[in-house]
Structure formats: C-alpha cells, structure tokens
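Colleague: Got a structure here, written out as structure tokens. Questions coming.
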Amino acid sequence: MSPPTERFKKLSLESMPPTTRLQSQRLRVEDSSSESETEPDFDFDDDGYMTSPSDLRYSLDLLDDETRDNVTRAVEVPSQFVLRGCQAGDGRCLFLITEPVEYTIRTGAEESGYGTPSCTCESGERGESPCRHILWLFDQITSQVLGAQRTPLTLSQHGFPTELGNPYNAISNFHLDMLADSLHCNVFGQSPDPNPRRVQETREILASLNEVPIDEYRPDLFEHPRKGKKVIKRGDLEQTIFRMLLCNDDFFQYFLSSMRADELNKNRFRSLQHRADAALAGLREYAETPPLQDVARPKDVEWCAMHLSMITRQIHSVIHNTDRPLETWELRAAARTAIHVLEQVVARNEDVGPSDLPKEKRNLFFRLIGDQDRNFAVDVLSSIPPHILGPWIDDLAAIHENILELGAPDSYTTRLSSLITHLRSRWTAAGSKRTGQGQDRRAKRMK
C-alpha cells in the first residue's frame, strides 16, 4: 500500500476521485481505561445547542427545517475520521479525509466556484448539505482559528459558523501550513523532509512513554531526522516506531488518542506554544528571505502579531470559558505558554521587512507592547492563581526590566509590576520554593 502522501501527489486540483478504498482500516482506540480517552462526538445539550468534538457549541437558529434535518442526520453517525492532508491552489483549498473511505472537501474564494464548501461523499453528491465530513472539518478548523467561546457559535447552512466568515479567507489569513500543523496533517506538495511539528510531537510521545527529558531522548534520531527508505530498523524498535509515527497518519493518530490528556503532546496549551514558535519561525524566515516579503499574504509582523494575539486570547478564553475548573497541570501549562510568548515578543525589538513600512508593521515588540497598551499576555497571567504562577516570579521580573528598558506605555508596565509585587507577597508568604519552570523539559506525566 502506497502512503497517502504518494497517492495524494498523483491527484490534481481539477480531478480528484470521489472515493478511494483504503486497503487497511483505521486503527481505533478501544481501551476505555484511564490511560486513554474516547474521542468526543457531536451531540445536543439540554439547551438545544449542538456540541462538537472540539468542545464548541453551535446554535442552529439560522437553519431552515431541511438543513436542520440534514445536520441532525449527519451527526447521528459517529465520526471516525482522519485528516490525511491538504493542498492549496487556484483560489481554493482541498482537504482529504478518510473514514476509511477517502473524501475530498473543497472550499475557496467566491470567484473560484467553491465559495460554498463541497464534499465528494454520497450526501454531498445528493445535495444533502452540510454532510458530517464538512461539519467535522470546519469544527476542527474553527477550534484553531477562533478557539473556545463563551457563547455558542451560529452554524450557517453550509456547515461552518458565521463567526468564521468566509472559510477560505480565514484559512488563507491563518496560513494553510500553520493550520495543517495544528491539525496534525501535512500540506502535500511541500518539502519531502519530515514535518518539524510532527518530529517534535513524535519526540514528546516517545520521551513521555520512556519518562526521559524531551531534549535528552534519542538525540541520534532527532538531530537530523529522516523517515528512512524502509520503516523497519532491525535491532532498534524505538527507531522503527519513530519512522512509523512520521510516515503513517493512522499510527500517529492512534498514539495521540491513546495518550493521557495531561501528557505534553495532548496538552492544548503546549499545542498553542508550538503554534507560537511556528509563527515566530515564519517571521524569522520572512526577515531572512527578501523574496518572501513580496508574496500576497506574507508571514510578516502583522501576521505573526495576529497569531500571537490569537494564542493569548485563546489561553484566556480556555481559562474563563471552560465548563469545569482547570486542573493544576493545565494552569501550569497555561502559565508556561503565556510567559514563553511574552518573553519571545520582548526579545524581538527589531525592525524587519521593507523600510518604508510604518514601525508597527516592522517591529513585533512595538506592535504588541511598545506602541500602546493592549494588555498583551498580562490579562492571561492575572487570571492564573499565585500559587501556580509563583515559580515564574524571577522570569517575570526579568521580562519587566527588559520592557522598561525598551519602552512601553506606563499603564502596561504598572500592571505587570503590580502583578509581580502581588505574586512576591503571596509566594513568599506561603514559603514556597522556586520550582516548576523547567518542567516542560521533562516528558513525565504531570499529576
């Protein structure tokens, strides 16, 4: 059986078959013990809102009776999907989904002819829209672009929330490669080298199972990662599993769904930190490669600032809008990610891009912190209890000193200073020691 990447490369934007039978069915997690969690599905709560696999809630008030019936029928079938990959071109995006039959979902700009998302499944061909594949895919996309919401989203007749706007524009602004990373799939047609995000998550999975610090686990595999011509590496089971996780989407998803929720690779805040690092890497590549500054949607300061602001808003939203109180390990992970993002922004007080652009479009620090008080990241940190945030007092103090040297609105620096003072009084009074900042190095399960 050829890998899905090879099969996808043979397809074109104009001619993709409606279904391709897989020769092996998707591996599913059947273990109901505490070591694994079943994937949530669509359902309806007591208030009549549709709840989704991404823990979002949708109002169906805008739907006519026929569309409402289509949605109700579609979500009656449990979703057993794997997102194989995606591809962009000619003003539209394609997404390949299997269950285990393969279907293609297209969405594009209005002028592309795919302004309304379409699916090649039987329901889609019969015009029974939206189908379960469209509902599932755009729920996954919405969870990344909009994140947790206090109020229910409004489902449109085409299967995506109205708050998302035109899906193609939302995906294009987000950037397809960033979205693919967040959804654990590949963008076909790009570099044949292993996806850096997949490599990092694979390392976290294997390090976690071996209870070894992430950066100490098998450096021989990860310093120069290669998929290898053959999956099997005789005499080295770990390298064999490593190659399988890189090459096989089913196997990778099986591992992900089998891991505990508090493992690093299943941690939603850790995922947001990965996205922040990817956005910063995109900005760095933009700064170092002048031709990238002339593309239609560059990964410039505005784009990177949008992602980092989105990430901090999503952390804040999860803290305040989750139905249950967050556990200690979740709050610690939220703090770690917020501080990491803030620290990285403060370290990037440099102008990049064309010199004729205004400073707020060339300097990341100036745009998010130095220009005006946007309460960037401080609102997140203020939402975290002192006994959780306390171990990072010295880090926050150092960040505050750097911000004072670089220059920022008084209201912002005063708010951050007040937070540090409050933490010092509470943390010192509790007699706590400075621990926990480096726990992200370790892949041990956090209790």
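If you're wondering about the labels, chains in the structure tokens are A, B, ... by order shown, residues count from 1 in each chain, ligands from 1 in order shown.
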Contacts of stretch 414-422 of chain A at 9 Å or less, counting only C-alpha atoms, minus same-chain residues fewer than 5 places along, as a ChimeraX atom specification?

Modeller: /A:375,378,381-382,386,390,393-394,396-397,400,409,427

Colleague: Out of A:Pro117, A:Pro53, A:Gly124, A:Gly147, which residue has the shortest atom-to-atom distance to A:Met310 when counting only C-alpha atoms?

Modeller: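 Under the stated criterion, the closest residue is A:Gly147.
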
Colleague: To one decimal place in Å, what is the distance between atom CA of A:Phe188 and atom CA of A:Ser172?

Modeller: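 Those two atoms sit 15.9 Å apart.
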
Colleague: Residues within 10 Å of A:Glu201, please, as a PyMOL selection string. Count only C-alpha atoms; anything in the same chain fewer than 4 positions from it doesn't count.

Modeller: chain A and resi 184+196-197+205-207+245-246+252+256+264-266+271+274

Colleague: Please report, as a PyMOL selection string, each residue of stretch 119-216 of chain A to which DSSP assigns helix (DSSP H, G or I) when run on this structure's backbone.

Modeller: chain A and resi 122-125+132-145+162-164+167-174+176-182+196-210+214-216

Colleague: List the neighbours of A:Ser79 out to 8 Å using only C-alpha atoms; skip same-chain residues closer than 3 positions along the sequence, and give me the result as a VMD selection string.

Modeller: chain A and resid 41 75 99 132 136

Colleague: Write the selection just made, keeping C-alpha atoms, as a PDB file, in the first residue's frame?

Modeller:
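Final file, part-v9.pdb:
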```
ATOM      1  CA  ASP A  41     -18.564  13.323  19.166  1.00  0.00           C
ATOM      2  CA  VAL A  75     -24.262  13.913  13.419  1.00  0.00           C
ATOM      3  CA  GLU A  99     -13.293   7.087   7.477  1.00  0.00           C
ATOM      4  CA  ARG A 132     -20.869  15.066   8.553  1.00  0.00           C
ATOM      5  CA  TRP A 136     -16.361  17.774  11.394  1.00  0.00           C
TER       6      TRP A 136
END
```

Colleague: Return the single residue from A:Ala109, A:Cys119, A:Val380, A:Leu221 that is closest to A:Asn166, with distances computed using only C-alpha atoms.

Modeller: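 Ranking A:Ala109, A:Cys119, A:Val380, A:Leu221 by distance to A:Asn166, first place goes to A:Ala109.
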
Colleague: Compile the contact shell of A:Thr107 as a ChimeraX atom specification: residues with an atom at most 12 Å away, counting only C-alpha atoms, same-chain residues fewer than 3 positions apart removed.

Modeller: /A:13,86-96,104,110-119,134,137-138,158-160,166-172

Colleague: Store the residues picked out above, limited to N, CA and C atoms, as an mmCIF file, in the first residue's frame.

Modeller:
```cif
data_model
loop_
_atom_site.group_PDB
_atom_site.id
_atom_site.type_symbol
_atom_site.label_atom_id
_atom_site.label_comp_id
_atom_site.auth_asym_id
_atom_site.auth_seq_id
_atom_site.Cartn_x
_atom_site.Cartn_y
_atom_site.Cartn_z
ATOM 1 N N LEU A 13 -5.853 19.378 -8.763
ATOM 2 C CA LEU A 13 -6.928 20.221 -8.262
ATOM 3 C C LEU A 13 -8.184 20.053 -9.089
ATOM 4 N N CYS A 86 -3.801 18.299 3.154
ATOM 5 C CA CYS A 86 -4.483 19.407 2.487
ATOM 6 C C CYS A 86 -3.568 19.961 1.398
ATOM 7 N N GLN A 87 -4.166 20.774 0.546
ATOM 8 C CA GLN A 87 -3.433 21.336 -0.590
ATOM 9 C C GLN A 87 -4.127 22.619 -1.002
ATOM 10 N N ALA A 88 -3.355 23.590 -1.453
ATOM 11 C CA ALA A 88 -3.910 24.869 -1.874
ATOM 12 C C ALA A 88 -3.536 25.152 -3.314
ATOM 13 N N GLY A 89 -4.395 25.905 -4.004
ATOM 14 C CA GLY A 89 -4.091 26.319 -5.367
ATOM 15 C C GLY A 89 -5.316 26.847 -6.070
ATOM 16 N N ASP A 90 -5.119 27.801 -6.985
ATOM 17 C CA ASP A 90 -6.202 28.342 -7.805
ATOM 18 C C ASP A 90 -7.356 28.889 -6.964
ATOM 19 N N GLY A 91 -7.011 29.562 -5.877
ATOM 20 C CA GLY A 91 -8.049 30.219 -5.084
ATOM 21 C C GLY A 91 -8.906 29.280 -4.262
ATOM 22 N N ARG A 92 -8.427 28.056 -4.009
ATOM 23 C CA ARG A 92 -9.199 27.153 -3.175
ATOM 24 C C ARG A 92 -8.276 26.184 -2.434
ATOM 25 N N CYS A 93 -8.828 25.546 -1.428
ATOM 26 C CA CYS A 93 -8.106 24.564 -0.632
ATOM 27 C C CYS A 93 -8.829 23.235 -0.701
ATOM 28 N N LEU A 94 -8.060 22.154 -0.685
ATOM 29 C CA LEU A 94 -8.607 20.811 -0.661
ATOM 30 C C LEU A 94 -8.178 20.120 0.619
ATOM 31 N N PHE A 95 -9.090 19.357 1.207
ATOM 32 C CA PHE A 95 -8.784 18.580 2.397
ATOM 33 C C PHE A 95 -9.178 17.132 2.130
ATOM 34 N N LEU A 96 -8.273 16.210 2.441
ATOM 35 C CA LEU A 96 -8.520 14.795 2.214
ATOM 36 C C LEU A 96 -8.817 14.128 3.555
ATOM 37 N N THR A 104 -13.007 14.124 -0.428
ATOM 38 C CA THR A 104 -12.340 15.405 -0.613
ATOM 39 C C THR A 104 -13.316 16.541 -0.337
ATOM 40 N N GLU A 110 -14.947 33.119 -3.495
ATOM 41 C CA GLU A 110 -16.212 33.124 -4.232
ATOM 42 C C GLU A 110 -15.984 32.939 -5.729
ATOM 43 N N GLU A 111 -14.958 33.583 -6.265
ATOM 44 C CA GLU A 111 -14.726 33.519 -7.710
ATOM 45 C C GLU A 111 -14.169 32.172 -8.157
ATOM 46 N N SER A 112 -13.754 31.323 -7.203
ATOM 47 C CA SER A 112 -13.198 30.017 -7.569
ATOM 48 C C SER A 112 -14.276 29.003 -7.909
ATOM 49 N N GLY A 113 -15.519 29.303 -7.547
ATOM 50 C CA GLY A 113 -16.595 28.339 -7.733
ATOM 51 C C GLY A 113 -16.806 27.454 -6.537
ATOM 52 N N TYR A 114 -15.980 27.639 -5.496
ATOM 53 C CA TYR A 114 -16.099 26.839 -4.276
ATOM 54 C C TYR A 114 -16.296 27.725 -3.056
ATOM 55 N N GLY A 115 -16.984 28.843 -3.239
ATOM 56 C CA GLY A 115 -17.289 29.709 -2.108
ATOM 57 C C GLY A 115 -18.128 28.988 -1.078
ATOM 58 N N THR A 116 -18.931 28.036 -1.535
ATOM 59 C CA THR A 116 -19.675 27.152 -0.641
ATOM 60 C C THR A 116 -18.929 25.836 -0.552
ATOM 61 N N PRO A 117 -18.518 25.398 0.651
ATOM 62 C CA PRO A 117 -17.765 24.143 0.770
ATOM 63 C C PRO A 117 -18.540 22.965 0.189
ATOM 64 N N SER A 118 -17.822 22.043 -0.449
ATOM 65 C CA SER A 118 -18.445 20.860 -1.026
ATOM 66 C C SER A 118 -17.664 19.623 -0.615
ATOM 67 N N CYS A 119 -18.358 18.473 -0.610
ATOM 68 C CA CYS A 119 -17.739 17.204 -0.248
ATOM 69 C C CYS A 119 -18.105 16.162 -1.296
ATOM 70 N N ILE A 134 -18.082 17.744 6.349
ATOM 71 C CA ILE A 134 -17.947 19.204 6.381
ATOM 72 C C ILE A 134 -18.106 19.718 7.806
ATOM 73 N N LEU A 137 -14.871 18.768 9.719
ATOM 74 C CA LEU A 137 -13.676 19.507 9.300
ATOM 75 C C LEU A 137 -13.721 20.953 9.765
ATOM 76 N N PHE A 138 -14.856 21.618 9.564
ATOM 77 C CA PHE A 138 -14.893 23.039 9.923
ATOM 78 C C PHE A 138 -15.003 23.251 11.426
ATOM 79 N N HIS A 158 -24.218 26.182 5.482
ATOM 80 C CA HIS A 158 -23.160 25.486 4.740
ATOM 81 C C HIS A 158 -22.248 24.662 5.648
ATOM 82 N N GLY A 159 -22.535 24.644 6.967
ATOM 83 C CA GLY A 159 -21.802 23.755 7.854
ATOM 84 C C GLY A 159 -20.639 24.359 8.608
ATOM 85 N N PHE A 160 -20.442 25.660 8.521
ATOM 86 C CA PHE A 160 -19.403 26.333 9.300
ATOM 87 C C PHE A 160 -20.045 27.501 10.031
ATOM 88 N N ASN A 166 -15.802 33.892 5.634
ATOM 89 C CA ASN A 166 -15.522 33.006 4.510
ATOM 90 C C ASN A 166 -14.415 32.039 4.895
ATOM 91 N N PRO A 167 -14.674 30.723 4.868
ATOM 92 C CA PRO A 167 -13.653 29.770 5.333
ATOM 93 C C PRO A 167 -12.326 29.888 4.610
ATOM 94 N N TYR A 168 -12.384 30.098 3.305
ATOM 95 C CA TYR A 168 -11.138 30.184 2.549
ATOM 96 C C TYR A 168 -10.304 31.388 3.001
ATOM 97 N N ASN A 169 -10.952 32.519 3.217
ATOM 98 C CA ASN A 169 -10.224 33.697 3.688
ATOM 99 C C ASN A 169 -9.642 33.460 5.081
ATOM 100 N N ALA A 170 -10.431 32.806 5.945
ATOM 101 C CA ALA A 170 -9.939 32.516 7.293
ATOM 102 C C ALA A 170 -8.721 31.605 7.241
ATOM 103 N N ILE A 171 -8.782 30.580 6.378
ATOM 104 C CA ILE A 171 -7.662 29.646 6.244
ATOM 105 C C ILE A 171 -6.447 30.357 5.644
ATOM 106 N N SER A 172 -6.671 31.184 4.639
ATOM 107 C CA SER A 172 -5.566 31.888 3.978
ATOM 108 C C SER A 172 -4.887 32.861 4.926
#
```

Colleague: Go through A:Ala335, A:Ile388, A:Ala347, A:Val301 one by one, measure the shortest atom-to-atom distance of each to A:Arg367 using only C-alpha atoms, and give the residue with the smallest value.

Modeller: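 Ranked by minimum distance to A:Arg367, first place goes to A:Val301.
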
Colleague: Excluding same-chain residues fewer than 3 positions from A:Asn321, what lies within 6 Å of it counting only C-alpha atoms, as an MDAnalysis selection string?

Modeller: chainID A and resid 150 317:318

Colleague: With all heavy atoms kept, could you save the residues just selected as an mmCIF file, in the first residue's frame?

Modeller:
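The result, written out as part30.cif:
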```
data_model
loop_
_atom_site.group_PDB
_atom_site.id
_atom_site.type_symbol
_atom_site.label_atom_id
_atom_site.label_comp_id
_atom_site.auth_asym_id
_atom_site.auth_seq_id
_atom_site.Cartn_x
_atom_site.Cartn_y
_atom_site.Cartn_z
ATOM 1 N N ARG A 150 -17.266 31.829 24.874
ATOM 2 C CA ARG A 150 -18.197 31.887 25.997
ATOM 3 C C ARG A 150 -19.625 31.627 25.545
ATOM 4 O O ARG A 150 -20.410 30.962 26.239
ATOM 5 C CB ARG A 150 -18.113 33.258 26.677
ATOM 6 C CG ARG A 150 -19.069 33.418 27.867
ATOM 7 C CD ARG A 150 -18.912 34.776 28.514
ATOM 8 N NE ARG A 150 -17.605 34.923 29.106
ATOM 9 C CZ ARG A 150 -17.289 34.508 30.327
ATOM 10 N NH1 ARG A 150 -18.200 33.880 31.064
ATOM 11 N NH2 ARG A 150 -16.077 34.684 30.800
ATOM 12 N N SER A 317 -9.386 32.562 27.037
ATOM 13 C CA SER A 317 -10.733 32.038 26.844
ATOM 14 C C SER A 317 -10.889 30.662 27.467
ATOM 15 O O SER A 317 -11.914 30.359 28.090
ATOM 16 C CB SER A 317 -11.052 31.990 25.343
ATOM 17 O OG SER A 317 -12.361 31.524 25.127
ATOM 18 N N VAL A 318 -9.881 29.810 27.315
ATOM 19 C CA VAL A 318 -9.958 28.475 27.913
ATOM 20 C C VAL A 318 -10.039 28.576 29.434
ATOM 21 O O VAL A 318 -10.827 27.875 30.087
ATOM 22 C CB VAL A 318 -8.738 27.621 27.500
ATOM 23 C CG1 VAL A 318 -8.681 26.334 28.307
ATOM 24 C CG2 VAL A 318 -8.789 27.307 26.016
#
```

Colleague: I'd like the contact shell of A:Arg84 - 9 Å cut-off, only C-alpha atoms, skipping same-chain residues fewer than 2 positions apart - returned as an mmCIF file with all heavy atoms, in the first residue's frame.

Modeller:
```cif
data_model
loop_
_atom_site.group_PDB
_atom_site.id
_atom_site.type_symbol
_atom_site.label_atom_id
_atom_site.label_comp_id
_atom_site.auth_asym_id
_atom_site.auth_seq_id
_atom_site.Cartn_x
_atom_site.Cartn_y
_atom_site.Cartn_z
ATOM 1 N N PRO A 4 -0.293 7.710 1.986
ATOM 2 C CA PRO A 4 -1.256 8.678 1.484
ATOM 3 C C PRO A 4 -0.619 9.860 0.798
ATOM 4 O O PRO A 4 -1.201 10.436 -0.115
ATOM 5 C CB PRO A 4 -2.007 9.105 2.759
ATOM 6 C CG PRO A 4 -1.139 8.696 3.895
ATOM 7 C CD PRO A 4 -0.394 7.489 3.432
ATOM 8 N N THR A 5 0.604 10.216 1.190
ATOM 9 C CA THR A 5 1.255 11.350 0.527
ATOM 10 C C THR A 5 1.507 11.043 -0.933
ATOM 11 O O THR A 5 1.322 11.898 -1.793
ATOM 12 C CB THR A 5 2.583 11.683 1.223
ATOM 13 O OG1 THR A 5 3.366 10.493 1.313
ATOM 14 C CG2 THR A 5 2.348 12.227 2.601
ATOM 15 N N VAL A 82 -9.927 10.608 9.869
ATOM 16 C CA VAL A 82 -8.520 11.004 9.909
ATOM 17 C C VAL A 82 -8.322 12.044 8.821
ATOM 18 O O VAL A 82 -8.712 11.825 7.677
ATOM 19 C CB VAL A 82 -7.580 9.805 9.669
ATOM 20 C CG1 VAL A 82 -6.139 10.289 9.526
ATOM 21 C CG2 VAL A 82 -7.670 8.810 10.816
ATOM 22 N N CYS A 86 -3.801 18.299 3.154
ATOM 23 C CA CYS A 86 -4.483 19.407 2.487
ATOM 24 C C CYS A 86 -3.568 19.961 1.398
ATOM 25 O O CYS A 86 -2.373 19.680 1.344
ATOM 26 C CB CYS A 86 -4.872 20.485 3.487
ATOM 27 S SG CYS A 86 -3.534 21.026 4.567
ATOM 28 N N PHE A 95 -9.090 19.357 1.207
ATOM 29 C CA PHE A 95 -8.784 18.580 2.397
ATOM 30 C C PHE A 95 -9.178 17.132 2.130
ATOM 31 O O PHE A 95 -10.287 16.864 1.652
ATOM 32 C CB PHE A 95 -9.549 19.114 3.612
ATOM 33 C CG PHE A 95 -9.139 20.498 4.030
ATOM 34 C CD1 PHE A 95 -9.724 21.611 3.442
ATOM 35 C CD2 PHE A 95 -8.166 20.687 4.994
ATOM 36 C CE1 PHE A 95 -9.354 22.902 3.814
ATOM 37 C CE2 PHE A 95 -7.789 21.967 5.375
ATOM 38 C CZ PHE A 95 -8.382 23.073 4.784
ATOM 39 N N LEU A 96 -8.273 16.210 2.441
ATOM 40 C CA LEU A 96 -8.520 14.795 2.214
ATOM 41 C C LEU A 96 -8.817 14.128 3.555
ATOM 42 O O LEU A 96 -7.992 14.146 4.465
ATOM 43 C CB LEU A 96 -7.301 14.141 1.560
ATOM 44 C CG LEU A 96 -7.466 12.704 1.077
ATOM 45 C CD1 LEU A 96 -8.484 12.640 -0.065
ATOM 46 C CD2 LEU A 96 -6.130 12.140 0.621
ATOM 47 N N ILE A 97 -10.010 13.522 3.675
ATOM 48 C CA ILE A 97 -10.474 12.894 4.906
ATOM 49 C C ILE A 97 -10.782 11.436 4.626
ATOM 50 O O ILE A 97 -11.304 11.095 3.566
ATOM 51 C CB ILE A 97 -11.745 13.608 5.430
ATOM 52 C CG1 ILE A 97 -11.406 15.027 5.893
ATOM 53 C CG2 ILE A 97 -12.386 12.838 6.573
ATOM 54 C CD1 ILE A 97 -12.620 15.818 6.323
ATOM 55 N N THR A 98 -10.473 10.561 5.585
ATOM 56 C CA THR A 98 -10.829 9.150 5.436
ATOM 57 C C THR A 98 -11.646 8.693 6.637
ATOM 58 O O THR A 98 -11.488 9.204 7.745
ATOM 59 C CB THR A 98 -9.590 8.249 5.332
ATOM 60 O OG1 THR A 98 -8.853 8.322 6.557
ATOM 61 C CG2 THR A 98 -8.696 8.678 4.202
ATOM 62 N N GLU A 102 -12.050 7.487 1.412
ATOM 63 C CA GLU A 102 -11.498 8.830 1.287
ATOM 64 C C GLU A 102 -12.487 9.770 0.613
ATOM 65 O O GLU A 102 -13.126 9.411 -0.378
ATOM 66 C CB GLU A 102 -10.191 8.799 0.481
ATOM 67 C CG GLU A 102 -9.058 8.110 1.218
ATOM 68 C CD GLU A 102 -7.766 8.142 0.424
ATOM 69 O OE1 GLU A 102 -7.801 8.573 -0.746
ATOM 70 O OE2 GLU A 102 -6.734 7.722 0.961
ATOM 71 N N HIS A 184 -2.431 18.399 12.839
ATOM 72 C CA HIS A 184 -1.631 17.171 12.739
ATOM 73 C C HIS A 184 -1.731 16.517 11.367
ATOM 74 O O HIS A 184 -1.886 15.298 11.249
ATOM 75 C CB HIS A 184 -2.048 16.165 13.815
ATOM 76 C CG HIS A 184 -2.053 16.712 15.201
ATOM 77 N ND1 HIS A 184 -0.901 17.039 15.883
ATOM 78 C CD2 HIS A 184 -3.075 17.012 16.044
ATOM 79 C CE1 HIS A 184 -1.213 17.503 17.082
ATOM 80 N NE2 HIS A 184 -2.521 17.500 17.200
ATOM 81 N N CYS A 185 -1.660 17.308 10.313
ATOM 82 C CA CYS A 185 -1.660 16.731 8.972
ATOM 83 C C CYS A 185 -0.633 17.461 8.124
ATOM 84 O O CYS A 185 -0.040 18.457 8.549
ATOM 85 C CB CYS A 185 -3.055 16.791 8.337
ATOM 86 S SG CYS A 185 -3.556 18.428 7.768
ATOM 87 N N ASN A 186 -0.409 16.964 6.923
ATOM 88 C CA ASN A 186 0.602 17.520 6.037
ATOM 89 C C ASN A 186 -0.027 18.383 4.947
ATOM 90 O O ASN A 186 -1.179 18.177 4.566
ATOM 91 C CB ASN A 186 1.405 16.398 5.367
ATOM 92 C CG ASN A 186 2.248 15.618 6.358
ATOM 93 O OD1 ASN A 186 2.877 16.204 7.240
ATOM 94 N ND2 ASN A 186 2.259 14.307 6.218
ATOM 95 N N ASP A 249 -0.132 8.249 9.159
ATOM 96 C CA ASP A 249 -1.065 9.118 9.870
ATOM 97 C C ASP A 249 -1.960 8.333 10.827
ATOM 98 O O ASP A 249 -2.273 8.801 11.919
ATOM 99 C CB ASP A 249 -1.938 9.886 8.870
ATOM 100 C CG ASP A 249 -1.138 10.862 8.035
ATOM 101 O OD1 ASP A 249 -0.119 11.355 8.542
ATOM 102 O OD2 ASP A 249 -1.521 11.121 6.883
ATOM 103 N N ASP A 250 -2.398 7.146 10.406
ATOM 104 C CA ASP A 250 -3.243 6.329 11.263
ATOM 105 C C ASP A 250 -2.516 5.963 12.547
ATOM 106 O O ASP A 250 -3.076 6.053 13.642
ATOM 107 C CB ASP A 250 -3.652 5.036 10.539
ATOM 108 C CG ASP A 250 -4.661 5.287 9.443
ATOM 109 O OD1 ASP A 250 -5.693 5.894 9.736
ATOM 110 O OD2 ASP A 250 -4.411 4.885 8.295
#
```

Colleague: Determine which residues of stretch 87-184 of chain A DSSP labels as strand (DSSP E or B) from the backbone of this structure, then write them out as a PyMOL selection string.

Modeller: chain A and resi 87-89+92-98+102-108+118-119+153-155+161
